[in-house]
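Structure file data15.cif (mmCIF, C-alpha atoms and all ligand atoms) is printed below.
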```cif
data_final
#
loop_
_atom_site.label_atom_id
_atom_site.label_comp_id
_atom_site.auth_asym_id
_atom_site.auth_seq_id
_atom_site.Cartn_x
_atom_site.Cartn_y
_atom_site.Cartn_z
CA MET A 26 0.00 0.00 0.00
CA LEU A 27 2.70 2.46 1.09
CA LYS A 28 4.90 1.34 -1.76
CA GLU A 29 2.26 2.24 -4.33
CA ALA A 30 1.38 5.54 -2.70
CA PHE A 31 5.01 6.66 -2.85
CA ASN A 32 6.32 4.83 -5.87
CA TYR A 33 9.64 3.60 -4.53
CA ARG A 34 11.75 0.58 -5.29
CA LEU A 35 13.47 -1.76 -2.87
CA ILE A 36 17.23 -1.47 -3.28
CA THR A 37 18.07 -4.91 -1.84
CA PRO A 38 15.81 -7.32 0.07
CA ALA A 39 17.43 -6.26 3.38
CA ILE A 40 17.82 -2.51 3.11
CA GLY A 41 17.04 0.68 1.21
CA ALA A 42 14.17 2.37 -0.61
CA GLU A 43 14.77 4.57 -3.63
CA PHE A 44 12.00 7.05 -4.35
CA LEU A 45 10.97 7.81 -7.90
CA ASN A 46 9.39 11.11 -8.92
CA PHE A 47 9.35 12.43 -5.38
CA SER A 48 9.83 16.03 -4.25
CA CYS A 49 11.18 16.67 -0.77
CA LEU A 50 9.78 20.20 -1.06
CA SER A 51 6.15 19.28 -0.61
CA SER A 52 5.52 17.56 2.67
CA SER A 53 2.30 17.13 4.58
CA LYS A 54 1.71 15.59 8.00
CA LYS A 55 0.25 12.44 6.44
CA ARG A 56 3.07 12.10 4.01
CA GLY A 57 5.61 12.55 6.81
CA GLU A 58 4.00 9.81 8.84
CA ALA A 59 4.14 7.43 5.89
CA LEU A 60 7.77 8.30 5.16
CA ARG A 61 8.74 7.58 8.76
CA LYS A 62 7.15 4.15 8.46
CA VAL A 63 9.13 3.37 5.31
CA LEU A 64 12.32 4.49 7.07
CA ILE A 65 11.68 2.16 10.02
CA ASP A 66 11.18 -0.69 7.59
CA ARG A 67 13.90 0.02 5.01
CA LYS A 68 16.50 1.93 7.16
CA VAL A 69 17.77 4.08 4.26
CA LEU A 70 15.73 6.35 1.97
CA VAL A 71 17.21 7.67 -1.28
CA PHE A 72 15.70 10.65 -3.11
CA ARG A 73 17.21 11.67 -6.43
CA ASN A 74 17.15 15.06 -8.18
CA GLN A 75 16.33 17.18 -5.13
CA GLU A 76 17.29 20.72 -6.01
CA LEU A 77 16.77 22.16 -2.56
CA LYS A 78 18.16 25.11 -0.69
CA PRO A 79 19.80 24.29 2.67
CA LEU A 80 16.80 25.72 4.55
CA ASP A 81 14.41 23.52 2.54
CA PHE A 82 16.57 20.49 3.29
CA LEU A 83 16.41 21.34 6.99
CA GLU A 84 12.64 21.83 6.78
CA PHE A 85 12.19 18.46 5.07
CA MET A 86 14.19 16.76 7.81
CA ARG A 87 11.81 18.06 10.51
CA ILE A 88 9.48 15.27 9.33
CA PHE A 89 11.81 12.84 11.08
CA GLY A 90 12.35 14.66 14.38
CA GLU A 91 14.23 17.54 15.90
CA PRO A 92 17.36 18.60 14.01
CA TYR A 93 20.20 19.76 16.24
CA ALA A 94 23.36 21.75 15.83
CA GLU A 95 25.95 19.07 15.54
CA ASP A 96 29.73 19.06 15.61
CA LEU A 97 30.27 19.92 11.93
CA THR A 98 30.94 23.57 11.22
CA PRO A 99 28.20 25.29 9.24
CA GLN A 100 29.32 27.22 6.16
CA ASP A 101 27.92 29.59 3.56
CA ASP A 102 25.66 31.28 6.17
CA ASN A 103 23.72 28.06 6.71
CA PRO A 104 21.89 27.62 10.04
CA PRO A 105 23.83 25.71 12.72
CA GLU A 106 21.69 22.59 12.17
CA VAL A 107 23.06 22.22 8.64
CA GLY A 108 26.63 20.95 8.74
CA VAL A 109 29.00 20.74 5.80
CA ILE A 110 31.21 17.79 4.94
CA LYS A 111 33.69 19.21 2.51
CA ILE A 112 36.71 17.47 1.03
CA ARG A 113 38.81 19.98 -0.86
CA PRO A 114 40.73 19.22 -4.04
CA ASN A 115 43.94 17.39 -3.13
CA GLU A 116 42.61 16.57 0.35
CA ARG A 117 42.08 12.95 1.29
CA GLN A 118 38.91 11.86 3.09
CA THR A 119 40.13 10.13 6.26
CA ILE A 120 36.93 8.30 7.22
CA ASN A 121 36.92 5.11 5.20
CA PHE A 122 35.60 2.38 7.46
CA TRP A 123 32.24 0.99 8.57
CA HIS A 124 30.87 2.97 11.50
CA MET A 125 27.90 4.53 13.25
CA ASP A 126 28.17 8.22 14.18
CA TYR A 127 28.18 9.28 17.84
CA SER A 128 27.70 5.87 19.51
CA PHE A 129 30.14 7.11 22.18
CA THR A 130 27.73 9.89 23.18
CA GLU A 131 24.80 9.68 25.54
CA ARG A 132 22.28 10.11 22.72
CA PRO A 133 23.63 8.93 19.39
CA ALA A 134 21.96 10.75 16.48
CA ARG A 135 18.88 8.73 15.60
CA ILE A 136 18.73 9.78 11.98
CA LEU A 137 21.26 11.35 9.66
CA ALA A 138 20.77 12.82 6.22
CA LEU A 139 23.08 14.06 3.48
CA HIS A 140 22.36 16.24 0.48
CA ALA A 141 24.95 16.00 -2.31
CA GLN A 142 26.10 19.41 -3.53
CA ASP A 143 29.35 18.66 -5.36
CA ILE A 144 30.44 15.16 -6.19
CA PRO A 145 33.52 13.72 -7.89
CA PRO A 146 33.28 12.49 -11.52
CA CYS A 147 33.11 8.98 -10.12
CA GLY A 148 33.75 7.29 -6.77
CA GLY A 149 32.89 8.54 -3.29
CA ASP A 150 30.10 5.98 -2.90
CA THR A 151 28.62 5.26 0.54
CA LEU A 152 27.69 1.77 1.77
CA PHE A 153 24.99 1.13 4.37
CA THR A 154 24.25 -2.03 6.34
CA ASN A 155 21.16 -2.95 8.35
CA LEU A 156 21.95 -4.00 11.94
CA GLU A 157 18.52 -5.64 12.37
CA ALA A 158 19.24 -7.89 9.37
CA ALA A 159 22.70 -8.56 10.82
CA TYR A 160 21.17 -9.73 14.11
CA GLU A 161 18.68 -11.91 12.26
CA GLY A 162 21.57 -13.53 10.39
CA LEU A 163 23.41 -14.62 13.55
CA ASP A 164 23.43 -18.31 14.49
CA ASP A 165 21.69 -19.35 17.70
CA GLU A 166 24.94 -20.01 19.53
CA THR A 167 26.21 -16.46 18.94
CA ARG A 168 22.84 -14.97 19.87
CA GLU A 169 23.02 -16.81 23.18
CA GLN A 170 26.63 -15.81 23.71
CA ILE A 171 25.99 -12.08 23.29
CA ASP A 172 22.67 -11.83 25.09
CA GLY A 173 23.17 -9.68 28.19
CA LEU A 174 26.58 -8.29 27.16
CA SER A 175 27.35 -4.58 26.74
CA GLY A 176 29.85 -2.83 24.51
CA ASN A 177 32.03 -0.03 25.90
CA HIS A 178 31.72 2.96 23.57
CA LYS A 179 34.43 5.57 23.74
CA MET A 180 36.21 7.42 21.00
CA ASP A 181 39.88 6.68 20.47
CA VAL A 182 41.22 10.24 20.65
CA GLU A 183 44.54 9.27 19.08
CA THR A 184 43.13 8.81 15.58
CA GLN A 185 43.84 11.41 12.91
CA ASN A 186 40.15 11.78 12.28
CA ALA A 187 39.50 12.72 15.92
CA LYS A 188 42.38 15.19 15.87
CA ASN A 189 41.04 16.81 12.70
CA ARG A 190 37.58 17.17 14.10
CA TRP A 191 37.86 18.21 17.74
CA THR A 192 40.03 20.68 19.64
CA ARG A 193 42.76 19.45 21.95
CA LYS A 194 40.70 20.53 24.98
CA GLU A 195 37.62 18.65 23.76
CA LEU A 196 39.70 15.55 23.14
CA GLU A 197 41.19 15.73 26.65
CA GLU A 198 37.69 15.87 28.11
CA MET A 199 36.55 12.94 26.01
CA GLU A 200 39.55 10.96 27.13
CA LYS A 201 38.75 11.59 30.81
CA ALA A 202 35.10 10.52 30.53
CA PRO A 203 34.27 6.87 31.31
CA PRO A 204 33.06 4.73 28.37
CA LEU A 205 29.33 4.60 27.67
CA GLN A 206 27.82 1.16 27.86
CA HIS A 207 25.25 0.07 25.29
CA PRO A 208 23.83 -3.48 25.16
CA LEU A 209 25.18 -5.48 22.23
CA VAL A 210 21.65 -6.58 21.47
CA CYS A 211 18.97 -3.90 21.56
CA THR A 212 15.31 -3.89 20.60
CA ASN A 213 14.05 -1.25 18.22
CA PRO A 214 10.98 0.22 20.00
CA ALA A 215 9.43 1.15 16.63
CA ASN A 216 9.14 -2.38 15.24
CA LYS A 217 10.19 -4.58 18.21
CA LYS A 218 13.01 -6.10 16.15
CA LYS A 219 16.31 -6.93 17.79
CA PHE A 220 19.46 -5.43 16.35
CA LEU A 221 23.19 -5.70 16.83
CA PHE A 222 24.62 -2.57 18.41
CA VAL A 223 28.26 -2.65 17.34
CA ASN A 224 30.65 -0.08 15.95
CA VAL A 225 34.17 0.27 14.59
CA PRO A 226 36.83 -0.70 17.20
CA ILE A 227 38.02 2.93 17.56
CA PHE A 228 34.52 3.78 18.87
CA CYS A 229 33.76 0.47 20.62
CA GLY A 230 36.75 -1.71 21.48
CA SER A 231 35.76 -3.77 24.51
CA ILE A 232 32.91 -5.57 26.24
CA SER A 233 32.09 -4.72 29.87
CA GLU A 234 31.62 -8.32 31.01
CA MET A 235 34.69 -9.78 29.29
CA GLN A 236 38.47 -9.57 29.41
CA ASN A 237 39.89 -7.06 26.92
CA TYR A 238 41.34 -9.53 24.44
CA GLU A 239 38.39 -11.89 24.51
CA GLY A 240 35.93 -8.98 24.23
CA SER A 241 37.70 -7.31 21.34
CA GLN A 242 37.87 -10.63 19.46
CA LEU A 243 34.13 -11.12 19.82
CA LEU A 244 33.42 -7.51 18.82
CA ALA A 245 35.63 -7.86 15.75
CA ARG A 246 33.70 -10.97 14.71
CA LEU A 247 30.33 -9.22 15.12
CA TYR A 248 31.56 -6.07 13.37
CA HIS A 249 32.68 -8.10 10.36
CA HIS A 250 29.49 -10.14 10.35
CA ALA A 251 27.44 -6.90 10.10
CA GLN A 252 29.28 -5.96 6.91
CA ARG A 253 28.07 -8.93 4.87
CA PRO A 254 26.70 -7.94 1.44
CA GLU A 255 23.41 -9.67 2.29
CA TYR A 256 22.62 -6.92 4.82
CA SER A 257 23.94 -3.92 2.88
CA PHE A 258 23.97 -1.91 -0.33
CA ARG A 259 26.26 0.55 -2.04
CA LEU A 260 24.93 3.97 -2.95
CA THR A 261 26.35 5.89 -5.90
CA TRP A 262 25.76 9.60 -5.40
CA GLU A 263 24.47 12.00 -8.00
CA LYS A 264 24.34 15.75 -7.58
CA ASN A 265 21.19 16.62 -5.55
CA THR A 266 20.73 13.12 -4.12
CA ILE A 267 19.35 13.14 -0.57
CA VAL A 268 19.91 10.12 1.63
CA VAL A 269 18.18 9.71 5.00
CA TRP A 270 19.17 6.81 7.25
CA GLU A 271 18.63 5.45 10.74
CA ASN A 272 22.08 6.04 12.16
CA ASP A 273 21.49 3.94 15.27
CA HIS A 274 20.27 0.87 13.31
CA CYS A 275 22.88 0.97 10.55
CA LEU A 276 26.58 1.19 9.88
CA HIS A 277 27.81 3.25 6.94
CA TYR A 278 31.05 3.29 4.99
CA PRO A 279 32.07 6.40 3.03
CA VAL A 280 34.48 5.20 0.34
CA SER A 281 37.59 7.34 0.09
CA ASP A 282 38.60 6.64 -3.51
CA TYR A 283 38.13 9.94 -5.33
CA TYR A 284 41.37 11.77 -4.57
CA PRO A 285 42.27 14.41 -5.86
CA HIS A 286 38.69 15.47 -6.57
CA GLU A 287 36.53 17.51 -4.26
CA ARG A 288 33.23 16.67 -2.68
CA LYS A 289 30.68 18.64 -0.69
CA LEU A 290 27.69 17.25 1.18
CA LEU A 291 25.30 18.99 3.56
CA ARG A 292 24.31 17.07 6.64
CA VAL A 293 21.41 17.26 9.08
CA ALA A 294 21.28 15.12 12.23
CA ILE A 295 18.15 14.25 14.20
CA LYS A 296 18.36 13.91 17.98
CA GLY A 297 18.33 10.46 19.50
CA GLU A 298 17.22 9.04 22.84
CA ARG A 299 19.27 7.34 25.52
CA ARG A 300 19.36 3.70 24.47
CA PRO A 301 16.95 1.61 26.57
CA ALA A 302 18.53 -1.02 28.77
CA ARG A 303 17.69 -3.90 26.44
FE FE B 401 29.76 8.93 9.54
#
```

Could you render the structure from this file as structure tokens?
Ligand SMILES: [Fe+2]
Amino acid sequence: MLKEAFNYRLITPAIGAEFLNFSCLSSSKKRGEALRKVLIDRKVLVFRNQELKPLDFLEFMRIFGEPYAEDLTPQDDNPPEVGVIKIRPNERQTINFWHMDYSFTERPARILALHAQDIPPCGGDTLFTNLEAAYEGLDDETREQIDGLSGNHKMDVETQNAKNRWTRKELEEMEKAPPLQHPLVCTNPANKKKFLFVNVPIFCGSISEMQNYEGSQLLARLYHHAQRPEYSFRLTWEKNTIVVWENDHCLHYPVSDYYPHERKLLRVAIKGERRPAR
């Protein structure tokens, strides 16, 4: 029913909906409600040919919740809720690994969205994987093994990416703070499905209830499991593509293969909630 009303195609069986002939400019309450349902089901929404101004992009994103001023610096007189991810010519993009944004914060962004402004002639794709599908794909033995365990989420402040993004003072404060614990298996309140809450080792490197080595081995296994092609898809950007995804139920991988070309994306983040105990 929803599929017909919106005219979208499934990108893979596990994840993604690509909308055809859709304008993000015209949104009504009813339409917003239906879009939110598709997002819960498909995890990633792709809208092509959206020639929107930054303020219109921000307005569209209000359908999904409350945008907040995030850590990216706004540019071009954009409001603080619209961040810019800009890779200049001859600059290399340093994030090229599967990850979830902000899992080391109290309220990881629930939804993220990007609007492609300038893209390289080719390359710079982004991959997304569905953590509910990843949980479903686990064998019974692993499900039993991880039930009741919690990952320790804390950013490794020694990485180049962290140093590029935060000030020395901010990094010192992050380093002092204790890790945040999130259950490895969570239940999505919107659809009652269980999902694997894992992240890249530099954001989540140990398990509270296990010895360091043993915990990091298990996390590495789960992290690699989540990346299977059966749970993911690869998005090729076009100018004016908008992608909206459930940050806390997905991992994403921005491919850094377009050097020395430039790329500019606008980003809006929607506030999340403290993860429920289990
Ligand atoms: Fe990211």

Task: Contacts of region 144-159 of chain A within 8 Å, only C-alpha atoms, excl. fewer than 5 positions in-chain, as a PyMOL selection string - done: chain A and resi 39-40+68-69+218-222+250-252+256-264+274-283+286-289

What residues of the protein or nucleic acid chains come within 7 Å of ligand FE 401 (chain B) when you use all atoms listed in the file? Reply as a PDB file with C-alpha atoms, keeping the file's coordinate frame.
```pdb
ATOM      1  CA  HIS A 124      30.870   2.970  11.500  1.00  0.00           C
ATOM      2  CA  MET A 125      27.900   4.530  13.250  1.00  0.00           C
ATOM      3  CA  ASP A 126      28.170   8.220  14.180  1.00  0.00           C
ATOM      4  CA  HIS A 277      27.810   3.250   6.940  1.00  0.00           C
TER       5      HIS A 277
END
```

Task: Spatial neighbours of Pro285 (chain A), max dist 7 Å, all atoms listed in the file, sep filter under 5 positions, as a list in words - done: Pro114, Asn115 and Glu116 of chain A

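Minimum distance to Asn213 (chain A) across A:Tyr160, A:Val71, A:Ala94, A:Cys49 (counting all atoms listed in the file) occurs at A:Tyr160.
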
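Remark: for Pro133 (chain A), the closest of the candidate residues A:Met199, A:Leu205, A:Ile227, A:Val210 is A:Leu205 (distances computed over all atoms listed in the file).
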
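Taking CA of Asn224 (chain A) as the reference point, CA of Ala245 (chain A) is found at 9.2 Å.
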
Open item on the list: Env of Arg132 (chain A): 12 Å cut, atoms = all atoms listed in the file, seq-sep filter 5 positions within chain, self excluded. Answer as a count of residues only.
Closed with: 17

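The gap separating CA of Val268 (chain A) from CA of Ser48 (chain A) is 13.1 Å, in Å to one decimal.
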
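Comparing the minimum interatomic distances between Ser128 (chain A) and each of A:Ser241, A:Ser52, A:Thr37, A:Asn177, counting all atoms listed in the file, we find that A:Asn177 sits nearest.
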
Task: Distance in Å - CA of Gly240 (chain A) versus CA of Trp123 (chain A) - done: 18.9 Å

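Near Phe31 (chain A), within a cut-off of 9 Å and counting all atoms listed in the file, sit the residues Phe44, Leu45, Asn46, Phe47, Arg56, Ala59 and Leu60 of chain A, with same-chain residues fewer than 6 positions away left out.
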
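Checking A:Arg61, A:Lys78, A:Arg168, A:Lys217 one by one against Gln142 (chain A), counting only C-alpha atoms, you find the shortest gap at A:Lys78.
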
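Distances to Glu200 (chain A) were evaluated for A:Tyr248, A:Arg73, A:Ile232, A:Phe129 using all atoms listed in the file, and the minimum falls at A:Phe129.
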
Per residue of region 138-248 of chain A within 10 Å of region 98-107 of chain A, which atom pair is closest and at what distance in Å (one decimal), using only C-alpha atoms, listed by chain and increasing number, as CSV?
```
residue,atom,partner,partner_atom,distance
A:Ala138,CA,A:Val107,CA,10.0
A:Leu139,CA,A:Val107,CA,9.7
A:Arg190,CA,A:Thr98,CA,9.7
```

Open item on the list: Which residues are close to Glu43 (chain A), i.e. within 9 Å by all atoms listed in the file, leaving aside same-chain residues fewer than 5 positions away? Reply as a ChimeraX atom specification.
Closed with: /A:32-36,69-73

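Using all atoms listed in the file for every distance, the candidate list A:Pro214, A:Lys201, A:Leu209, A:Phe82 yields A:Leu209 as the residue closest to Glu169 (chain A).
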